[in-house]
Amino acid sequence: MKKTFLTRRNAILSPENFSWGAYALMVVLALLLLRVIAPNFFWKIATPLFQSADILTENTHLFFASFGNAAVLTRDNERLQTENVILANENAALSRTIADQIALTSTSKDILAGVIARPPESPYDSLVIGKGSSAGITTNMEVFGPGSVPVGFVSTVEKQFALVTLFSSPKIKIGAWVGAGHIPLTISGGGAGTFRASITRSAGVAVNDIVYAPGPGELPIGKVIRTDSDPSSPSVTLQIMPMLNIFSLPWVLVRDTGQSFLKTIQATSTLP
Amino acid sequence: MIALLLTLLSLSGVIYFPTTITLLVTFVTAFFEPLVPLAVGIFSDTFYWSPGVGTLPYASIIGLFVSGIAFFVRNRLRSGSMR
């Protein structure tokens with residue numbers, strides 16, 4: 001009877017399993033032994049490995065960082081493009097709104113006139129403009145500066161020229177509103193381009209409150225720069241600085257706002 | 001050849017690769033070479049373990065554990081196949 005021969009099998013070191021893993025384990029154990037026996041020598045031979053690892057890490061970091069920067073730039077670019085579209089839409093909407101406002105507040109009868117003389121060349125608190133009756137300008141037409149800021153009214157008209165009396169001229173009084181509460185008050189010209197107004201102390205008008213004048217709607221005409229008060233008086237005097245510097249007005253718009261019609265009514269009214 | 005490449009990759013990963021990548025490569029290599037996780041663990045501790053600190057050589061312990069699992073799985077698969 002033939003004897004059955006069974007080969008001894010070792011789970012780890014059998015020829016079948018003795019592979020690259022076993023070789024690696026042997027090398028690693030040798031390195032571990034080297035570290036235990038001769039640590040200085042071990043670290044000396046390990047130093048180039050760590051240095052190469054540092055170089056590799058630095059290079060790969062730079063390599064991937066370049067991708068990271070590109071990704072960030074791409075995201076920023078997309079975000080900016082989106083914001084650009086949003087801003088363009090808002091701009092278009094605002095442009096439409098401005099066009100609507102202009103259509104509502106201005107008429108086709110606006111006359112653009114260049115300012116020929118302004119203070120101090122012209123008589124004080126008046127303007128000389130380069131258009132007159134030939135362009136359709138008549139007395140009592142209202143004059144507006146850039147931004148539709150009312151500046152005065154036409155007082156004298158020649159064929160080619162007109163004289164504009166500014167609201168800041170002494171003895172000129174116009175109705176206005178002041179502050180966020182739109183408190184009505186009468187402002188009078190203070191000369192030198194300024195206005196004055198008197199209002200009760202209880203109104204609570206403060207510095208930097210905006211003063212609005214009637215035009216088509218409410219138009220900002222100036223800003224409160226100082227409040228003068230007398231403790232014995234129940235009212236305060238407001239010093240108002242105009243929104244526009246009348247000494248540097250390049251052009252004005254002349255518009256009929258019905259002042260002539262208003263004065264006609266006032267002249268013919270029988271009411272006290 | 002794949003086993004050799006994976007073995008070298010696992011060992012070099014201890015020095016050159018981030019830990020997560022090294023672990024991933026080692027797990028993959030364990031399917032081909034069950035002893036590699038143990039070798040990688042010892043290799044890692046050879047370089048990074050400080051005996052004076054008092055901590056255990058966790059890399060070697062984990063490597064031993066993973067290698068044991070790999071051997072177990074391989075033996076189970078082998079016993080289930082016809083020879």
# chains A, B, ... in the order shown; residues from 1 in each chain; ligands from 1
call {"tool": "interface_residues", "arguments": {"of": "chain B", "to": "chain A", "cutoff": "6 Å", "atoms": "only C-alpha atoms", "output": "ChimeraX atom specification"}}
result
/B:4,16,33,35-36,39,43,46
call {"tool": "select_by_dssp", "arguments": {"residues": "chain B", "states": "alpha helix (DSSP H)", "output": "PyMOL selection string"}}
result
chain B and resi 2-16+19-32+36-48+58-79
call {"tool": "residues_around", "arguments": {"residues": "A:Phe144", "least_positions_apart": "2", "cutoff": "10 Å", "atoms": "only C-alpha atoms", "output": "ChimeraX atom specification"}}
result
/A:110,112,141-142,146-153,215,219,221,251-255
call {"tool": "write_last_selection", "arguments": {"atoms": "N, CA, C and O atoms", "output": "compact mmCIF listing (two decimals), in the first residue's frame"}}
result
# COMPACT_ATOMS: atom_id res chain seq x y z
N ASP A 110 -39.38 122.22 -21.99
CA ASP A 110 -38.14 122.61 -21.31
C ASP A 110 -37.21 123.28 -22.31
O ASP A 110 -37.05 122.80 -23.44
N LEU A 112 -33.42 124.50 -22.78
CA LEU A 112 -32.06 124.44 -22.26
C LEU A 112 -31.33 125.72 -22.63
O LEU A 112 -31.29 126.11 -23.80
N MET A 141 -41.26 132.21 -15.76
CA MET A 141 -40.95 130.79 -15.98
C MET A 141 -39.90 130.38 -14.94
O MET A 141 -39.02 131.15 -14.58
N GLU A 142 -40.02 129.14 -14.48
CA GLU A 142 -39.11 128.68 -13.42
C GLU A 142 -37.83 128.13 -14.04
O GLU A 142 -37.86 127.53 -15.13
N PRO A 146 -28.91 121.63 -12.86
CA PRO A 146 -28.69 120.18 -13.01
C PRO A 146 -29.32 119.41 -11.85
O PRO A 146 -29.22 119.81 -10.70
N GLY A 147 -29.96 118.31 -12.20
CA GLY A 147 -30.64 117.52 -11.18
C GLY A 147 -32.02 118.05 -10.86
O GLY A 147 -32.61 117.68 -9.85
N SER A 148 -32.54 118.93 -11.71
CA SER A 148 -33.86 119.53 -11.51
C SER A 148 -33.96 120.26 -10.18
O SER A 148 -35.00 120.22 -9.52
N VAL A 149 -32.89 120.89 -9.78
CA VAL A 149 -32.91 121.69 -8.56
C VAL A 149 -33.41 123.09 -8.94
O VAL A 149 -32.80 123.76 -9.78
N PRO A 150 -34.50 123.52 -8.35
CA PRO A 150 -34.99 124.87 -8.69
C PRO A 150 -34.03 125.93 -8.18
O PRO A 150 -33.59 125.87 -7.03
N VAL A 151 -33.73 126.88 -9.06
CA VAL A 151 -32.77 127.92 -8.66
C VAL A 151 -33.38 129.32 -8.71
O VAL A 151 -32.90 130.22 -8.03
N GLY A 152 -34.42 129.52 -9.52
CA GLY A 152 -34.99 130.86 -9.58
C GLY A 152 -36.08 130.95 -10.62
O GLY A 152 -36.62 129.93 -11.06
N PHE A 153 -36.36 132.16 -11.03
CA PHE A 153 -37.39 132.37 -12.04
C PHE A 153 -36.94 133.49 -12.96
O PHE A 153 -36.11 134.33 -12.60
N GLY A 215 -42.13 122.16 -7.26
CA GLY A 215 -41.92 122.26 -8.70
C GLY A 215 -42.99 121.35 -9.25
O GLY A 215 -44.10 121.38 -8.75
N LEU A 219 -38.97 119.12 -4.93
CA LEU A 219 -37.60 119.13 -5.44
C LEU A 219 -36.67 119.65 -4.35
O LEU A 219 -36.94 120.69 -3.74
N ILE A 221 -34.09 121.71 -2.65
CA ILE A 221 -33.52 123.01 -3.02
C ILE A 221 -32.33 123.37 -2.14
O ILE A 221 -31.47 124.16 -2.54
N TRP A 251 -25.34 125.39 -17.08
CA TRP A 251 -26.54 125.51 -17.90
C TRP A 251 -27.76 125.40 -16.98
O TRP A 251 -27.65 124.91 -15.84
N VAL A 252 -28.90 125.81 -17.51
CA VAL A 252 -30.16 125.70 -16.74
C VAL A 252 -31.27 125.27 -17.69
O VAL A 252 -31.15 125.39 -18.92
N LEU A 253 -32.31 124.75 -17.09
CA LEU A 253 -33.52 124.43 -17.84
C LEU A 253 -34.60 125.44 -17.45
O LEU A 253 -34.83 125.67 -16.26
N VAL A 254 -35.21 126.00 -18.46
CA VAL A 254 -36.28 126.97 -18.22
C VAL A 254 -37.60 126.30 -18.54
O VAL A 254 -37.75 125.67 -19.59
N ARG A 255 -38.50 126.38 -17.60
CA ARG A 255 -39.74 125.61 -17.73
C ARG A 255 -40.91 126.44 -17.21
O ARG A 255 -40.77 127.16 -16.20
call {"tool": "select_by_dssp", "arguments": {"residues": "stretch 71-152 of chain A", "states": "strand (DSSP E)", "output": "ChimeraX atom specification"}}
result
/A:111-117,126-129,142-145,149-152
call {"tool": "write_last_selection", "arguments": {"atoms": "all heavy atoms", "output": "short mmCIF file (atom, residue, chain, number, x, y, z; two decimals), in the first residue's frame"}}
result
data_model
loop_
_atom_site.label_atom_id
_atom_site.label_comp_id
_atom_site.auth_asym_id
_atom_site.auth_seq_id
_atom_site.Cartn_x
_atom_site.Cartn_y
_atom_site.Cartn_z
N ILE A 111 -36.64 124.36 -21.87
CA ILE A 111 -35.71 125.09 -22.74
C ILE A 111 -34.34 125.06 -22.08
O ILE A 111 -34.18 125.51 -20.94
CB ILE A 111 -36.18 126.55 -22.94
CG1 ILE A 111 -37.58 126.55 -23.57
CG2 ILE A 111 -35.19 127.32 -23.81
CD1 ILE A 111 -38.26 127.91 -23.52
N LEU A 112 -33.42 124.50 -22.78
CA LEU A 112 -32.06 124.44 -22.26
C LEU A 112 -31.33 125.72 -22.63
O LEU A 112 -31.29 126.11 -23.80
CB LEU A 112 -31.33 123.23 -22.84
CG LEU A 112 -29.88 123.04 -22.40
CD1 LEU A 112 -29.81 122.72 -20.91
CD2 LEU A 112 -29.23 121.93 -23.21
N ALA A 113 -30.77 126.35 -21.64
CA ALA A 113 -30.08 127.62 -21.90
C ALA A 113 -28.75 127.63 -21.16
O ALA A 113 -28.67 127.22 -20.00
CB ALA A 113 -30.93 128.80 -21.43
N GLY A 114 -27.75 128.08 -21.86
CA GLY A 114 -26.45 128.20 -21.23
C GLY A 114 -26.39 129.45 -20.36
O GLY A 114 -27.03 130.47 -20.65
N VAL A 115 -25.65 129.35 -19.28
CA VAL A 115 -25.51 130.49 -18.38
C VAL A 115 -24.37 131.37 -18.89
O VAL A 115 -23.23 130.91 -19.04
CB VAL A 115 -25.22 130.01 -16.93
CG1 VAL A 115 -24.99 131.22 -16.02
CG2 VAL A 115 -26.37 129.17 -16.42
N ILE A 116 -24.72 132.61 -19.19
CA ILE A 116 -23.71 133.54 -19.71
C ILE A 116 -22.98 134.23 -18.57
O ILE A 116 -21.75 134.36 -18.59
CB ILE A 116 -24.38 134.58 -20.63
CG1 ILE A 116 -24.92 133.86 -21.88
CG2 ILE A 116 -23.39 135.67 -21.03
CD1 ILE A 116 -25.72 134.77 -22.77
N ALA A 117 -23.72 134.65 -17.60
CA ALA A 117 -23.10 135.37 -16.48
C ALA A 117 -23.75 134.91 -15.19
O ALA A 117 -24.96 134.67 -15.12
CB ALA A 117 -23.27 136.87 -16.64
N SER A 126 -28.47 136.72 -9.34
CA SER A 126 -29.19 136.60 -10.60
C SER A 126 -28.28 135.96 -11.63
O SER A 126 -27.05 135.94 -11.47
CB SER A 126 -29.68 137.97 -11.09
OG SER A 126 -28.57 138.79 -11.37
N LEU A 127 -28.90 135.42 -12.65
CA LEU A 127 -28.14 134.79 -13.74
C LEU A 127 -28.54 135.44 -15.04
O LEU A 127 -29.69 135.86 -15.21
CB LEU A 127 -28.44 133.28 -13.83
CG LEU A 127 -28.17 132.38 -12.62
CD1 LEU A 127 -28.70 130.98 -12.93
CD2 LEU A 127 -26.69 132.33 -12.32
N VAL A 128 -27.64 135.48 -15.95
CA VAL A 128 -27.96 135.88 -17.32
C VAL A 128 -27.82 134.64 -18.18
O VAL A 128 -26.75 134.00 -18.18
CB VAL A 128 -27.03 137.01 -17.82
CG1 VAL A 128 -27.36 137.36 -19.27
CG2 VAL A 128 -27.12 138.23 -16.94
N ILE A 129 -28.89 134.28 -18.86
CA ILE A 129 -28.87 133.05 -19.67
C ILE A 129 -28.93 133.43 -21.14
O ILE A 129 -29.39 134.51 -21.51
CB ILE A 129 -30.03 132.09 -19.29
CG1 ILE A 129 -31.37 132.76 -19.47
CG2 ILE A 129 -29.85 131.61 -17.86
CD1 ILE A 129 -32.55 131.83 -19.22
N GLU A 142 -40.02 129.14 -14.48
CA GLU A 142 -39.11 128.68 -13.42
C GLU A 142 -37.83 128.13 -14.04
O GLU A 142 -37.86 127.53 -15.13
CB GLU A 142 -39.79 127.62 -12.55
CG GLU A 142 -39.12 127.45 -11.21
CD GLU A 142 -40.02 126.73 -10.20
OE1 GLU A 142 -41.21 126.55 -10.50
OE2 GLU A 142 -39.50 126.35 -9.13
N VAL A 143 -36.75 128.30 -13.34
CA VAL A 143 -35.44 127.88 -13.84
C VAL A 143 -34.89 126.80 -12.93
O VAL A 143 -34.93 126.92 -11.70
CB VAL A 143 -34.48 129.09 -13.90
CG1 VAL A 143 -33.10 128.66 -14.40
CG2 VAL A 143 -35.06 130.18 -14.80
N PHE A 144 -34.40 125.75 -13.55
CA PHE A 144 -33.87 124.60 -12.81
C PHE A 144 -32.42 124.35 -13.21
O PHE A 144 -32.06 124.49 -14.38
CB PHE A 144 -34.68 123.33 -13.10
CG PHE A 144 -36.14 123.46 -12.72
CD1 PHE A 144 -37.06 124.00 -13.59
CD2 PHE A 144 -36.57 123.04 -11.47
CE1 PHE A 144 -38.39 124.12 -13.23
CE2 PHE A 144 -37.90 123.17 -11.10
CZ PHE A 144 -38.82 123.71 -11.98
N GLY A 145 -31.66 123.96 -12.24
CA GLY A 145 -30.28 123.62 -12.50
C GLY A 145 -30.13 122.12 -12.73
O GLY A 145 -31.12 121.39 -12.83
N VAL A 149 -32.89 120.89 -9.78
CA VAL A 149 -32.91 121.69 -8.56
C VAL A 149 -33.41 123.09 -8.94
O VAL A 149 -32.80 123.76 -9.78
CB VAL A 149 -31.51 121.78 -7.93
CG1 VAL A 149 -31.52 122.69 -6.72
CG2 VAL A 149 -31.04 120.39 -7.54
N PRO A 150 -34.50 123.52 -8.35
CA PRO A 150 -34.99 124.87 -8.69
C PRO A 150 -34.03 125.93 -8.18
O PRO A 150 -33.59 125.87 -7.03
CB PRO A 150 -36.35 124.95 -7.98
CG PRO A 150 -36.34 123.86 -6.98
CD PRO A 150 -35.36 122.84 -7.39
N VAL A 151 -33.73 126.88 -9.06
CA VAL A 151 -32.77 127.92 -8.66
C VAL A 151 -33.38 129.32 -8.71
O VAL A 151 -32.90 130.22 -8.03
CB VAL A 151 -31.50 127.88 -9.54
CG1 VAL A 151 -30.72 126.60 -9.30
CG2 VAL A 151 -31.83 128.06 -11.00
N GLY A 152 -34.42 129.52 -9.52
CA GLY A 152 -34.99 130.86 -9.58
C GLY A 152 -36.08 130.95 -10.62
O GLY A 152 -36.62 129.93 -11.06
#
call {"tool": "atom_distance", "arguments": {"atom1": "atom CA of A:Ser66", "atom2": "atom CA of B:Leu11"}}
result
28.2 Å
call {"tool": "atom_distance", "arguments": {"atom1": "atom CA of B:Ile42", "atom2": "atom CA of B:Gly63"}}
result
7.5 Å
call {"tool": "residues_around", "arguments": {"residues": "B:Leu38", "least_positions_apart": "6", "cutoff": "9 Å", "atoms": "only C-alpha atoms", "output": "MDAnalysis selection string"}}
result
(chainID A and resid 21 25) or (chainID B and resid 59:68)
call {"tool": "write_last_selection", "arguments": {"atoms": "C-alpha atoms", "output": "PDB file, in the first residue's frame"}}
result
ATOM      1  CA  GLY A  21       4.813  40.525   1.138  1.00  0.00           C
ATOM      2  CA  LEU A  25       8.357  42.001   5.848  1.00  0.00           C
TER       3      LEU A  25
ATOM      4  CA  ALA B  59       0.802  51.065  13.110  1.00  0.00           C
ATOM      5  CA  SER B  60       2.340  47.650  13.679  1.00  0.00           C
ATOM      6  CA  ILE B  61      -0.612  46.505  15.756  1.00  0.00           C
ATOM      7  CA  ILE B  62      -3.110  47.652  13.131  1.00  0.00           C
ATOM      8  CA  GLY B  63      -0.982  46.124  10.381  1.00  0.00           C
ATOM      9  CA  LEU B  64      -0.937  42.834  12.236  1.00  0.00           C
ATOM     10  CA  PHE B  65      -4.677  42.967  12.652  1.00  0.00           C
ATOM     11  CA  VAL B  66      -5.291  43.721   8.975  1.00  0.00           C
ATOM     12  CA  SER B  67      -2.880  41.029   7.880  1.00  0.00           C
ATOM     13  CA  GLY B  68      -4.692  38.554  10.100  1.00  0.00           C
TER      14      GLY B  68
END
call {"tool": "residues_around", "arguments": {"residues": "A:Thr139", "least_positions_apart": "6", "cutoff": "12 Å", "atoms": "only C-alpha atoms", "output": "PDB file with N, CA, C and O atoms, in the first residue's frame"}}
result
ATOM      1  N   GLY A 132     -33.734 133.845 -24.911  1.00  0.00           N
ATOM      2  CA  GLY A 132     -34.748 134.816 -24.509  1.00  0.00           C
ATOM      3  C   GLY A 132     -36.090 134.526 -25.140  1.00  0.00           C
ATOM      4  O   GLY A 132     -36.450 133.366 -25.358  1.00  0.00           O
ATOM      5  N   SER A 133     -36.782 135.589 -25.454  1.00  0.00           N
ATOM      6  CA  SER A 133     -38.159 135.441 -25.963  1.00  0.00           C
ATOM      7  C   SER A 133     -38.198 134.717 -27.295  1.00  0.00           C
ATOM      8  O   SER A 133     -39.184 134.062 -27.630  1.00  0.00           O
ATOM      9  N   GLY A 152     -34.417 129.520  -9.518  1.00  0.00           N
ATOM     10  CA  GLY A 152     -34.989 130.863  -9.576  1.00  0.00           C
ATOM     11  C   GLY A 152     -36.084 130.949 -10.623  1.00  0.00           C
ATOM     12  O   GLY A 152     -36.620 129.929 -11.061  1.00  0.00           O
ATOM     13  N   PHE A 153     -36.356 132.157 -11.026  1.00  0.00           N
ATOM     14  CA  PHE A 153     -37.389 132.365 -12.038  1.00  0.00           C
ATOM     15  C   PHE A 153     -36.944 133.487 -12.960  1.00  0.00           C
ATOM     16  O   PHE A 153     -36.112 134.330 -12.605  1.00  0.00           O
ATOM     17  N   VAL A 154     -37.517 133.475 -14.145  1.00  0.00           N
ATOM     18  CA  VAL A 154     -37.151 134.485 -15.143  1.00  0.00           C
ATOM     19  C   VAL A 154     -37.837 135.797 -14.766  1.00  0.00           C
ATOM     20  O   VAL A 154     -39.066 135.851 -14.613  1.00  0.00           O
ATOM     21  N   SER A 155     -37.027 136.836 -14.612  1.00  0.00           N
ATOM     22  CA  SER A 155     -37.584 138.137 -14.209  1.00  0.00           C
ATOM     23  C   SER A 155     -37.588 139.143 -15.349  1.00  0.00           C
ATOM     24  O   SER A 155     -38.457 140.001 -15.422  1.00  0.00           O
ATOM     25  N   THR A 156     -36.659 139.039 -16.231  1.00  0.00           N
ATOM     26  CA  THR A 156     -36.581 139.969 -17.365  1.00  0.00           C
ATOM     27  C   THR A 156     -36.227 139.174 -18.615  1.00  0.00           C
ATOM     28  O   THR A 156     -35.360 138.299 -18.563  1.00  0.00           O
ATOM     29  N   VAL A 157     -36.904 139.472 -19.700  1.00  0.00           N
ATOM     30  CA  VAL A 157     -36.660 138.721 -20.934  1.00  0.00           C
ATOM     31  C   VAL A 157     -36.308 139.687 -22.051  1.00  0.00           C
ATOM     32  O   VAL A 157     -36.991 140.685 -22.271  1.00  0.00           O
ATOM     33  N   GLU A 158     -35.227 139.380 -22.712  1.00  0.00           N
ATOM     34  CA  GLU A 158     -34.871 140.075 -23.947  1.00  0.00           C
ATOM     35  C   GLU A 158     -35.066 139.077 -25.081  1.00  0.00           C
ATOM     36  O   GLU A 158     -35.443 137.932 -24.856  1.00  0.00           O
ATOM     37  N   PHE A 161     -31.681 137.028 -24.717  1.00  0.00           N
ATOM     38  CA  PHE A 161     -31.176 136.796 -23.363  1.00  0.00           C
ATOM     39  C   PHE A 161     -32.313 136.926 -22.363  1.00  0.00           C
ATOM     40  O   PHE A 161     -33.370 137.460 -22.669  1.00  0.00           O
ATOM     41  N   ALA A 162     -32.020 136.400 -21.171  1.00  0.00           N
ATOM     42  CA  ALA A 162     -33.002 136.539 -20.098  1.00  0.00           C
ATOM     43  C   ALA A 162     -32.254 136.665 -18.782  1.00  0.00           C
ATOM     44  O   ALA A 162     -31.141 136.152 -18.627  1.00  0.00           O
ATOM     45  N   LEU A 163     -32.892 137.369 -17.862  1.00  0.00           N
ATOM     46  CA  LEU A 163     -32.305 137.539 -16.529  1.00  0.00           C
ATOM     47  C   LEU A 163     -33.104 136.675 -15.559  1.00  0.00           C
ATOM     48  O   LEU A 163     -34.337 136.741 -15.515  1.00  0.00           O
ATOM     49  N   VAL A 164     -32.382 135.868 -14.830  1.00  0.00           N
ATOM     50  CA  VAL A 164     -33.011 134.954 -13.877  1.00  0.00           C
ATOM     51  C   VAL A 164     -32.736 135.462 -12.472  1.00  0.00           C
ATOM     52  O   VAL A 164     -31.579 135.665 -12.102  1.00  0.00           O
ATOM     53  N   THR A 165     -33.772 135.694 -11.727  1.00  0.00           N
ATOM     54  CA  THR A 165     -33.620 136.058 -10.321  1.00  0.00           C
ATOM     55  C   THR A 165     -33.622 134.782  -9.488  1.00  0.00           C
ATOM     56  O   THR A 165     -34.552 133.967  -9.585  1.00  0.00           O
ATOM     57  N   VAL A 254     -35.207 125.998 -18.457  1.00  0.00           N
ATOM     58  CA  VAL A 254     -36.276 126.973 -18.217  1.00  0.00           C
ATOM     59  C   VAL A 254     -37.600 126.296 -18.538  1.00  0.00           C
ATOM     60  O   VAL A 254     -37.752 125.671 -19.591  1.00  0.00           O
ATOM     61  N   ARG A 255     -38.504 126.382 -17.602  1.00  0.00           N
ATOM     62  CA  ARG A 255     -39.741 125.612 -17.728  1.00  0.00           C
ATOM     63  C   ARG A 255     -40.907 126.443 -17.209  1.00  0.00           C
ATOM     64  O   ARG A 255     -40.765 127.158 -16.201  1.00  0.00           O
ATOM     65  N   ASP A 256     -42.008 126.314 -17.892  1.00  0.00           N
ATOM     66  CA  ASP A 256     -43.220 127.001 -17.427  1.00  0.00           C
ATOM     67  C   ASP A 256     -43.923 126.103 -16.415  1.00  0.00           C
ATOM     68  O   ASP A 256     -44.433 125.040 -16.767  1.00  0.00           O
ATOM     69  N   THR A 257     -43.911 126.518 -15.172  1.00  0.00           N
ATOM     70  CA  THR A 257     -44.542 125.710 -14.116  1.00  0.00           C
ATOM     71  C   THR A 257     -45.852 126.329 -13.639  1.00  0.00           C
ATOM     72  O   THR A 257     -46.361 125.994 -12.583  1.00  0.00           O
ATOM     73  N   GLY A 258     -46.354 127.264 -14.413  1.00  0.00           N
ATOM     74  CA  GLY A 258     -47.646 127.842 -14.074  1.00  0.00           C
ATOM     75  C   GLY A 258     -47.571 129.010 -13.112  1.00  0.00           C
ATOM     76  O   GLY A 258     -48.588 129.378 -12.529  1.00  0.00           O
ATOM     77  N   GLN A 259     -46.397 129.591 -12.953  1.00  0.00           N
ATOM     78  CA  GLN A 259     -46.275 130.717 -12.031  1.00  0.00           C
ATOM     79  C   GLN A 259     -47.053 131.935 -12.540  1.00  0.00           C
ATOM     80  O   GLN A 259     -47.662 132.662 -11.752  1.00  0.00           O
ATOM     81  N   SER A 260     -47.026 132.133 -13.860  1.00  0.00           N
ATOM     82  CA  SER A 260     -47.786 133.251 -14.419  1.00  0.00           C
ATOM     83  C   SER A 260     -49.276 133.064 -14.163  1.00  0.00           C
ATOM     84  O   SER A 260     -49.991 133.991 -13.778  1.00  0.00           O
ATOM     85  N   PHE A 261     -49.724 131.848 -14.364  1.00  0.00           N
ATOM     86  CA  PHE A 261     -51.129 131.533 -14.124  1.00  0.00           C
ATOM     87  C   PHE A 261     -51.479 131.755 -12.653  1.00  0.00           C
ATOM     88  O   PHE A 261     -52.521 132.329 -12.318  1.00  0.00           O
ATOM     89  N   LYS A 263     -49.977 133.786 -10.535  1.00  0.00           N
ATOM     90  CA  LYS A 263     -49.983 135.208 -10.218  1.00  0.00           C
ATOM     91  C   LYS A 263     -51.232 135.884 -10.779  1.00  0.00           C
ATOM     92  O   LYS A 263     -51.769 136.819 -10.175  1.00  0.00           O
TER      93      LYS A 263
END
call {"tool": "atom_distance", "arguments": {"atom1": "atom CA of A:Pro242", "atom2": "atom CA of A:Thr194"}}
result
6.2 Å
call {"tool": "closest_residue", "arguments": {"among": "A:Asn40, A:Gly189, A:Ile183, A:Val178", "to": "A:Val224", "atoms": "only C-alpha atoms"}}
result
A:Val178
call {"tool": "residues_around", "arguments": {"residues": "stretch 21-32 of chain B", "least_positions_apart": "3", "cutoff": "8 Å", "atoms": "only C-alpha atoms", "output": "ChimeraX atom specification"}}
result
/B:3,6-7,9-10,13-14,17-18,35-37,40,66-67,70,74
call {"tool": "closest_residue", "arguments": {"among": "A:Gly181, A:Gly191, A:Pro231, A:Pro119", "to": "A:Ala203", "atoms": "only C-alpha atoms"}}
result
A:Gly181
call {"tool": "closest_residue", "arguments": {"among": "A:Gly222, A:Pro250, A:Gly204, A:Gly175", "to": "A:Gly130", "atoms": "only C-alpha atoms"}}
result
A:Pro250
